[in-house]
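Novice: Sharing protein14.cif (mmCIF, C-alpha atoms) below.
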data_structure
loop_
_atom_site.group_PDB
_atom_site.id
_atom_site.type_symbol
_atom_site.label_atom_id
_atom_site.label_comp_id
_atom_site.auth_asym_id
_atom_site.auth_seq_id
_atom_site.Cartn_x
_atom_site.Cartn_y
_atom_site.Cartn_z
ATOM 1 C CA PHE A 1 103.572 133.409 30.877
ATOM 2 C CA LYS A 2 105.491 133.932 27.657
ATOM 3 C CA ALA A 3 105.306 130.230 26.767
ATOM 4 C CA LYS A 4 101.550 130.067 27.361
ATOM 5 C CA MET A 5 101.001 133.246 25.359
ATOM 6 C CA LYS A 6 102.967 131.718 22.485
ATOM 7 C CA ASP A 7 100.699 128.645 22.639
ATOM 8 C CA LEU A 8 97.552 130.764 22.695
ATOM 9 C CA CYS A 9 98.644 133.440 20.258
ATOM 10 C CA GLY A 10 101.651 132.517 18.149
ATOM 11 C CA GLY A 11 101.582 135.872 16.379
ATOM 12 C CA CYS A 12 101.507 137.908 19.577
ATOM 13 C CA GLU A 13 104.630 139.597 20.898
ATOM 14 C CA VAL A 14 105.123 139.651 24.674
ATOM 15 C CA LEU A 15 107.167 142.560 26.000
ATOM 16 C CA TYR A 16 108.269 141.342 29.431
ATOM 17 C CA GLN A 17 109.714 143.858 31.861
ATOM 18 C CA ASN A 18 110.603 143.701 35.557
ATOM 19 C CA ALA A 19 110.780 146.887 37.606
ATOM 20 C CA GLY A 20 112.799 145.291 40.393
ATOM 21 C CA GLY A 21 110.497 146.664 43.085
ATOM 22 C CA ASP A 22 110.668 150.255 41.785
ATOM 23 C CA ALA A 23 107.206 151.803 41.292
ATOM 24 C CA ALA A 24 108.531 154.735 39.231
ATOM 25 C CA LYS A 25 110.398 152.352 36.939
ATOM 26 C CA GLN A 26 107.256 150.234 36.574
ATOM 27 C CA GLN A 27 105.316 153.324 35.487
ATOM 28 C CA GLN A 28 108.027 154.150 32.927
ATOM 29 C CA GLN A 29 107.926 150.586 31.620
ATOM 30 C CA ALA A 30 104.148 150.717 31.229
ATOM 31 C CA ASP A 31 104.375 154.074 29.450
ATOM 32 C CA SER A 32 107.029 152.633 27.135
ATOM 33 C CA ALA A 33 104.888 149.579 26.361
ATOM 34 C CA LEU A 34 101.939 151.829 25.546
ATOM 35 C CA ALA A 35 104.144 153.987 23.308
ATOM 36 C CA GLN A 36 105.212 150.804 21.495
ATOM 37 C CA GLY A 37 101.554 150.005 20.821
ATOM 38 C CA ALA A 38 100.774 147.426 23.496
ATOM 39 C CA ASP A 39 97.289 145.978 23.071
ATOM 40 C CA VAL A 40 97.038 144.776 26.693
ATOM 41 C CA ILE A 41 98.946 145.561 29.898
ATOM 42 C CA VAL A 42 99.412 142.806 32.499
ATOM 43 C CA ILE A 43 100.733 144.290 35.730
ATOM 44 C CA ASP A 44 101.812 142.851 39.066
ATOM 45 C CA PRO A 45 101.863 146.181 40.899
ATOM 46 C CA VAL A 46 104.950 147.133 42.878
ATOM 47 C CA ASP A 47 102.839 149.798 44.587
ATOM 48 C CA SER A 48 99.080 149.286 44.442
ATOM 49 C CA ALA A 49 98.306 153.011 44.735
ATOM 50 C CA ALA A 50 100.912 154.098 42.186
ATOM 51 C CA ALA A 51 99.676 151.482 39.706
ATOM 52 C CA ALA A 52 96.338 153.305 39.515
ATOM 53 C CA SER A 53 98.022 155.841 37.230
ATOM 54 C CA THR A 54 99.099 153.050 34.886
ATOM 55 C CA VAL A 55 95.553 151.708 34.745
ATOM 56 C CA ARG A 56 94.043 155.140 34.065
ATOM 57 C CA THR A 57 96.574 155.908 31.333
ATOM 58 C CA ALA A 58 96.145 152.561 29.602
ATOM 59 C CA GLN A 59 92.361 152.556 29.813
ATOM 60 C CA GLY A 60 92.310 156.158 28.582
ATOM 61 C CA ARG A 61 94.010 154.871 25.431
ATOM 62 C CA GLY A 62 91.578 151.981 25.123
ATOM 63 C CA VAL A 63 94.124 149.412 26.335
ATOM 64 C CA PRO A 64 92.725 146.868 28.808
ATOM 65 C CA VAL A 65 94.650 146.151 32.003
ATOM 66 C CA ILE A 66 94.985 142.838 33.806
ATOM 67 C CA ALA A 67 96.073 143.231 37.436
ATOM 68 C CA TYR A 68 97.952 140.126 38.489
ATOM 69 C CA ASP A 69 98.463 138.969 42.087
ATOM 70 C CA ARG A 70 97.869 142.351 43.758
ATOM 71 C CA PRO A 71 94.678 144.404 43.622
ATOM 72 C CA ILE A 72 94.656 148.075 42.640
ATOM 73 C CA PRO A 73 91.943 149.449 44.956
ATOM 74 C CA ALA A 74 91.822 153.030 43.622
ATOM 75 C CA VAL A 75 90.655 151.966 40.147
ATOM 76 C CA THR A 76 89.024 148.990 38.512
ATOM 77 C CA ALA A 77 91.317 147.014 36.253
ATOM 78 C CA ASP A 78 89.596 145.226 33.391
ATOM 79 C CA TYR A 79 90.552 141.903 34.963
ATOM 80 C CA TYR A 80 92.061 140.838 38.278
ATOM 81 C CA VAL A 81 93.797 137.466 38.534
ATOM 82 C CA SER A 82 94.813 136.294 41.995
ATOM 83 C CA PHE A 83 93.662 134.223 44.925
ATOM 84 C CA ASP A 84 91.581 135.030 47.989
ATOM 85 C CA ASN A 85 94.092 137.057 50.002
ATOM 86 C CA GLU A 86 91.862 137.301 53.094
ATOM 87 C CA LYS A 87 91.352 133.541 53.122
ATOM 88 C CA ILE A 88 95.112 133.006 52.824
ATOM 89 C CA GLY A 89 95.589 135.275 55.857
ATOM 90 C CA ALA A 90 92.987 133.331 57.829
ATOM 91 C CA MET A 91 94.647 130.046 56.882
ATOM 92 C CA ILE A 92 98.065 131.332 57.948
ATOM 93 C CA GLY A 93 96.615 132.442 61.290
ATOM 94 C CA ALA A 94 94.805 129.152 61.879
ATOM 95 C CA SER A 95 97.932 127.166 61.051
ATOM 96 C CA LEU A 96 99.977 129.255 63.469
ATOM 97 C CA VAL A 97 97.427 128.822 66.273
ATOM 98 C CA ASP A 98 97.327 125.057 65.676
ATOM 99 C CA HIS A 99 101.122 124.870 65.839
ATOM 100 C CA LEU A 100 101.324 126.983 68.993
ATOM 101 C CA LYS A 101 98.707 124.813 70.707
ATOM 102 C CA ALA A 102 100.389 121.576 69.598
ATOM 103 C CA THR A 103 103.760 122.687 70.950
ATOM 104 C CA ASN A 104 102.406 124.346 74.116
ATOM 105 C CA ALA A 105 104.279 127.481 73.114
ATOM 106 C CA GLU A 106 104.287 130.414 75.502
ATOM 107 C CA GLY A 107 105.340 134.024 75.179
ATOM 108 C CA GLY A 108 104.741 136.862 72.803
ATOM 109 C CA LEU A 109 104.111 136.820 69.106
ATOM 110 C CA LEU A 110 105.392 139.260 66.501
ATOM 111 C CA GLN A 111 103.324 139.741 63.364
ATOM 112 C CA VAL A 112 105.305 141.122 60.427
ATOM 113 C CA ASN A 113 103.182 142.312 57.519
ATOM 114 C CA GLY A 114 104.088 143.012 53.921
ATOM 115 C CA SER A 115 104.728 146.404 52.428
ATOM 116 C CA PRO A 116 102.106 149.080 53.125
ATOM 117 C CA THR A 117 102.145 149.791 49.365
ATOM 118 C CA ASP A 118 100.978 146.227 48.639
ATOM 119 C CA ALA A 119 97.184 146.022 48.837
ATOM 120 C CA ALA A 120 97.377 142.215 49.013
ATOM 121 C CA ALA A 121 99.429 142.439 52.216
ATOM 122 C CA GLY A 122 96.637 144.428 53.852
ATOM 123 C CA LEU A 123 94.075 141.829 52.812
ATOM 124 C CA ILE A 124 96.239 138.993 54.143
ATOM 125 C CA LYS A 125 96.584 140.860 57.455
ATOM 126 C CA LYS A 126 92.817 141.405 57.568
ATOM 127 C CA GLY A 127 92.240 137.668 57.127
#
Write the structure described by the file as structure tokens, please.
Specialist:
Amino acid sequence: FKAKMKDLCGGCEVLYQNAGGDAAKQQQQADSALAQGADVIVIDPVDSAAAASTVRTAQGRGVPVIAYDRPIPAVTADYYVSFDNEKIGAMIGASLVDHLKATNAEGGLLQVNGSPTDAAAGLIKKG
């Protein structure tokens, strides 16, 4: 990301931060970036619901938000960059069924979903 941004905008400064899976820390990082004068926020939400606050705060200051990889259902980010999560879920399911049929597998099946705070996980499950 940083390398591509440098190619596209040599004079732009990228402030990269990683919250390490901590939604509160991610909110603090976004607030800090806004306080430093960020012109755009790109966020891969740790918690899709909690990230809505980040979007509202940034947009309230006129700063556009790009949601990356995970949707933020409670608000509309200015841009959303990802893939079709439902289709991915359907493809995973179809692949599993094909494998089970090909191996004549019998018995139960355990489906383990992603975090309930990750809106993408819900879409993958739906697919």
Novice: Translate the PyMOL selection byres ((chain A and resi 15) around 12) into a concrete residue list for this structure, as a list in words.
Specialist: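 Listing what the PyMOL selection byres ((chain A and resi 15) around 12) selects in the shown file: Phe1, Lys2, Met5, Cys12, Glu13, Val14, Tyr16, Gln17, Asn18, Gln29, Ala30, Ser32, Ala33, Leu34, Gln36, Gly37, Ala38, Asp39, Val40, Ile41, Val42 and Ile43 of chain A.
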Novice: Let me see the file: selected residues, C-alpha atoms, as an mmCIF file, in the frame of the given file.
Specialist:
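Result saved to part-v3.cif:
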data_model
loop_
_atom_site.group_PDB
_atom_site.id
_atom_site.type_symbol
_atom_site.label_atom_id
_atom_site.label_comp_id
_atom_site.auth_asym_id
_atom_site.auth_seq_id
_atom_site.Cartn_x
_atom_site.Cartn_y
_atom_site.Cartn_z
ATOM 1 C CA PHE A 1 103.572 133.409 30.877
ATOM 2 C CA LYS A 2 105.491 133.932 27.657
ATOM 3 C CA MET A 5 101.001 133.246 25.359
ATOM 4 C CA CYS A 12 101.507 137.908 19.577
ATOM 5 C CA GLU A 13 104.630 139.597 20.898
ATOM 6 C CA VAL A 14 105.123 139.651 24.674
ATOM 7 C CA TYR A 16 108.269 141.342 29.431
ATOM 8 C CA GLN A 17 109.714 143.858 31.861
ATOM 9 C CA ASN A 18 110.603 143.701 35.557
ATOM 10 C CA GLN A 29 107.926 150.586 31.620
ATOM 11 C CA ALA A 30 104.148 150.717 31.229
ATOM 12 C CA SER A 32 107.029 152.633 27.135
ATOM 13 C CA ALA A 33 104.888 149.579 26.361
ATOM 14 C CA LEU A 34 101.939 151.829 25.546
ATOM 15 C CA GLN A 36 105.212 150.804 21.495
ATOM 16 C CA GLY A 37 101.554 150.005 20.821
ATOM 17 C CA ALA A 38 100.774 147.426 23.496
ATOM 18 C CA ASP A 39 97.289 145.978 23.071
ATOM 19 C CA VAL A 40 97.038 144.776 26.693
ATOM 20 C CA ILE A 41 98.946 145.561 29.898
ATOM 21 C CA VAL A 42 99.412 142.806 32.499
ATOM 22 C CA ILE A 43 100.733 144.290 35.730
#
Novice: Hey, can you check how far atom CA of A:Ser82 sits from atom CA of A:Arg70?
Specialist: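 Those two atoms sit 7.0 Å apart.
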Novice: Just so the selection is clear, what residues does the PyMOL selection byres ((chain A and resi 27) around 12) cover here, as a ChimeraX atom specification?
Specialist: /A:17-19,21-26,28-34,41,43-58
Novice: Write out as an mmCIF file with C-alpha atoms, in the frame of the given file which residues come within 12 Å of stretch 90-93 of chain A when counting only C-alpha atoms, dropping same-chain ones fewer than 6 positions away.
Specialist:
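around.cif, written as the output of this step:
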data_model
loop_
_atom_site.group_PDB
_atom_site.id
_atom_site.type_symbol
_atom_site.label_atom_id
_atom_site.label_comp_id
_atom_site.auth_asym_id
_atom_site.auth_seq_id
_atom_site.Cartn_x
_atom_site.Cartn_y
_atom_site.Cartn_z
ATOM 1 C CA ASP A 84 91.581 135.030 47.989
ATOM 2 C CA HIS A 99 101.122 124.870 65.839
ATOM 3 C CA LEU A 100 101.324 126.983 68.993
ATOM 4 C CA LEU A 109 104.111 136.820 69.106
ATOM 5 C CA GLN A 111 103.324 139.741 63.364
ATOM 6 C CA LEU A 123 94.075 141.829 52.812
ATOM 7 C CA ILE A 124 96.239 138.993 54.143
ATOM 8 C CA LYS A 125 96.584 140.860 57.455
ATOM 9 C CA LYS A 126 92.817 141.405 57.568
ATOM 10 C CA GLY A 127 92.240 137.668 57.127
#
Novice: Looking at A:Pro73, A:Leu96, A:Gly89, A:Lys4, which one is nearest to A:Gly114, with distances taken over all atoms listed in the file?
Specialist: A:Gly89
Novice: Report the centre and edge lengths, in Å to one decimal, of an axis-aligned box enclosing every atom of stretch 46-60 of chain A listed in the file, padded by 3 Å on each side, as JSON.
Specialist:
{"center_x": 98.6, "center_y": 151.6, "center_z": 36.7, "size_x": 18.6, "size_y": 15.0, "size_z": 22.2}
Novice: Which residues match the PyMOL selection byres ((chain A and resi 81) around 8) in the file above, as a PDB file with C-alpha atoms, in the frame of the given file?
Specialist:
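What landed in result_7.pdb:
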ATOM      1  CA  ILE A  66      94.985 142.838  33.806  1.00  0.00           C
ATOM      2  CA  ALA A  67      96.073 143.231  37.436  1.00  0.00           C
ATOM      3  CA  TYR A  68      97.952 140.126  38.489  1.00  0.00           C
ATOM      4  CA  ASP A  69      98.463 138.969  42.087  1.00  0.00           C
ATOM      5  CA  TYR A  79      90.552 141.903  34.963  1.00  0.00           C
ATOM      6  CA  TYR A  80      92.061 140.838  38.278  1.00  0.00           C
ATOM      7  CA  SER A  82      94.813 136.294  41.995  1.00  0.00           C
ATOM      8  CA  PHE A  83      93.662 134.223  44.925  1.00  0.00           C
TER       9      PHE A  83
END
Novice: Tell me which of A:Ala102, A:Ile88, A:Ala120, A:Leu8 sits closest to A:Pro71, counting all atoms listed in the file.
Specialist: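 Looking only at the distances to A:Pro71, the closest residue turns out to be A:Ala120.
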Novice: Record the distance separating atom CA of A:Ala74 and atom CA of A:Asp118, expressed in Å with one decimal.
Specialist: 12.5 Å
Novice: Could you jot down the atom CA of A:Gly10 to atom CA of A:Asp78 separation for me, Å, one decimal place?
Specialist: 23.2 Å
Novice: Taking only C-alpha atoms into account, which of A:Gly11, A:Val97, A:Ala119, A:Thr76 comes nearest A:Pro64?
Specialist: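 Result for the nearest residue to A:Pro64: A:Thr76.
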Novice: Rank nothing, just name the residue among A:Asp7, A:Gly20, A:Asn85, A:Val65 nearest to A:Ala121, using all atoms listed in the file.
Specialist: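 Closest candidate: A:Asn85.
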Novice: Select, from A:Lys87, A:Val112, A:Ala105, A:Val75, the residue with the minimum atom-to-atom distance to A:Gln59, counting all atoms listed in the file.
Specialist: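 Closest to A:Gln59, using all atoms listed in the file: A:Val75.
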Novice: Supply stretch 56-77 of chain A as an mmCIF file, in the frame of the given file, with N, CA and C atoms built in where the input has gaps.
Specialist:
data_model
loop_
_atom_site.group_PDB
_atom_site.id
_atom_site.type_symbol
_atom_site.label_atom_id
_atom_site.label_comp_id
_atom_site.auth_asym_id
_atom_site.auth_seq_id
_atom_site.Cartn_x
_atom_site.Cartn_y
_atom_site.Cartn_z
ATOM 1 N N ARG A 56 94.768 154.005 34.662
ATOM 2 C CA ARG A 56 94.043 155.140 34.065
ATOM 3 C C ARG A 56 94.615 155.503 32.692
ATOM 4 N N THR A 57 95.938 155.553 32.603
ATOM 5 C CA THR A 57 96.574 155.908 31.333
ATOM 6 C C THR A 57 96.245 154.888 30.254
ATOM 7 N N ALA A 58 96.408 153.616 30.581
ATOM 8 C CA ALA A 58 96.145 152.561 29.602
ATOM 9 C C ALA A 58 94.682 152.554 29.176
ATOM 10 N N GLN A 59 93.784 152.582 30.150
ATOM 11 C CA GLN A 59 92.361 152.556 29.813
ATOM 12 C C GLN A 59 91.951 153.800 29.035
ATOM 13 N N GLY A 60 92.583 154.932 29.328
ATOM 14 C CA GLY A 60 92.310 156.158 28.582
ATOM 15 C C GLY A 60 92.683 156.034 27.115
ATOM 16 N N ARG A 61 93.590 155.130 26.816
ATOM 17 C CA ARG A 61 94.010 154.871 25.431
ATOM 18 C C ARG A 61 93.288 153.663 24.845
ATOM 19 N N GLY A 62 92.330 153.137 25.601
ATOM 20 C CA GLY A 62 91.578 151.981 25.123
ATOM 21 C C GLY A 62 92.311 150.659 25.274
ATOM 22 N N VAL A 63 93.339 150.630 26.124
ATOM 23 C CA VAL A 63 94.124 149.412 26.335
ATOM 24 C C VAL A 63 93.678 148.761 27.645
ATOM 25 N N PRO A 64 93.155 147.537 27.580
ATOM 26 C CA PRO A 64 92.725 146.868 28.808
ATOM 27 C C PRO A 64 93.905 146.509 29.705
ATOM 28 N N VAL A 65 93.626 146.448 31.005
ATOM 29 C CA VAL A 65 94.650 146.151 32.003
ATOM 30 C C VAL A 65 94.230 144.933 32.816
ATOM 31 N N ILE A 66 95.170 144.005 32.954
ATOM 32 C CA ILE A 66 94.985 142.838 33.806
ATOM 33 C C ILE A 66 95.894 143.025 35.014
ATOM 34 N N ALA A 67 95.299 143.144 36.195
ATOM 35 C CA ALA A 67 96.073 143.231 37.436
ATOM 36 C C ALA A 67 96.314 141.807 37.907
ATOM 37 N N TYR A 68 97.577 141.475 38.098
ATOM 38 C CA TYR A 68 97.952 140.126 38.489
ATOM 39 C C TYR A 68 98.500 140.124 39.910
ATOM 40 N N ASP A 69 97.993 139.243 40.729
ATOM 41 C CA ASP A 69 98.463 138.969 42.087
ATOM 42 C C ASP A 69 98.079 140.023 43.115
ATOM 43 N N ARG A 70 98.185 141.300 42.788
ATOM 44 C CA ARG A 70 97.869 142.351 43.758
ATOM 45 C C ARG A 70 96.744 143.230 43.221
ATOM 46 N N PRO A 71 95.764 143.521 44.062
ATOM 47 C CA PRO A 71 94.678 144.404 43.622
ATOM 48 C C PRO A 71 95.154 145.853 43.516
ATOM 49 N N ILE A 72 94.408 146.640 42.770
ATOM 50 C CA ILE A 72 94.656 148.075 42.640
ATOM 51 C C ILE A 72 93.364 148.755 43.089
ATOM 52 N N PRO A 73 93.223 149.002 44.397
ATOM 53 C CA PRO A 73 91.943 149.449 44.956
ATOM 54 C C PRO A 73 91.409 150.779 44.423
ATOM 55 N N ALA A 74 92.274 151.694 44.024
ATOM 56 C CA ALA A 74 91.822 153.030 43.622
ATOM 57 C C ALA A 74 91.093 153.050 42.284
ATOM 58 N N VAL A 75 91.301 152.043 41.458
ATOM 59 C CA VAL A 75 90.655 151.966 40.147
ATOM 60 C C VAL A 75 90.227 150.526 39.896
ATOM 61 N N THR A 76 89.447 150.336 38.869
ATOM 62 C CA THR A 76 89.024 148.990 38.512
ATOM 63 C C THR A 76 89.760 148.559 37.257
ATOM 64 N N ALA A 77 90.652 147.594 37.415
ATOM 65 C CA ALA A 77 91.317 147.014 36.253
ATOM 66 C C ALA A 77 90.269 146.230 35.467
#
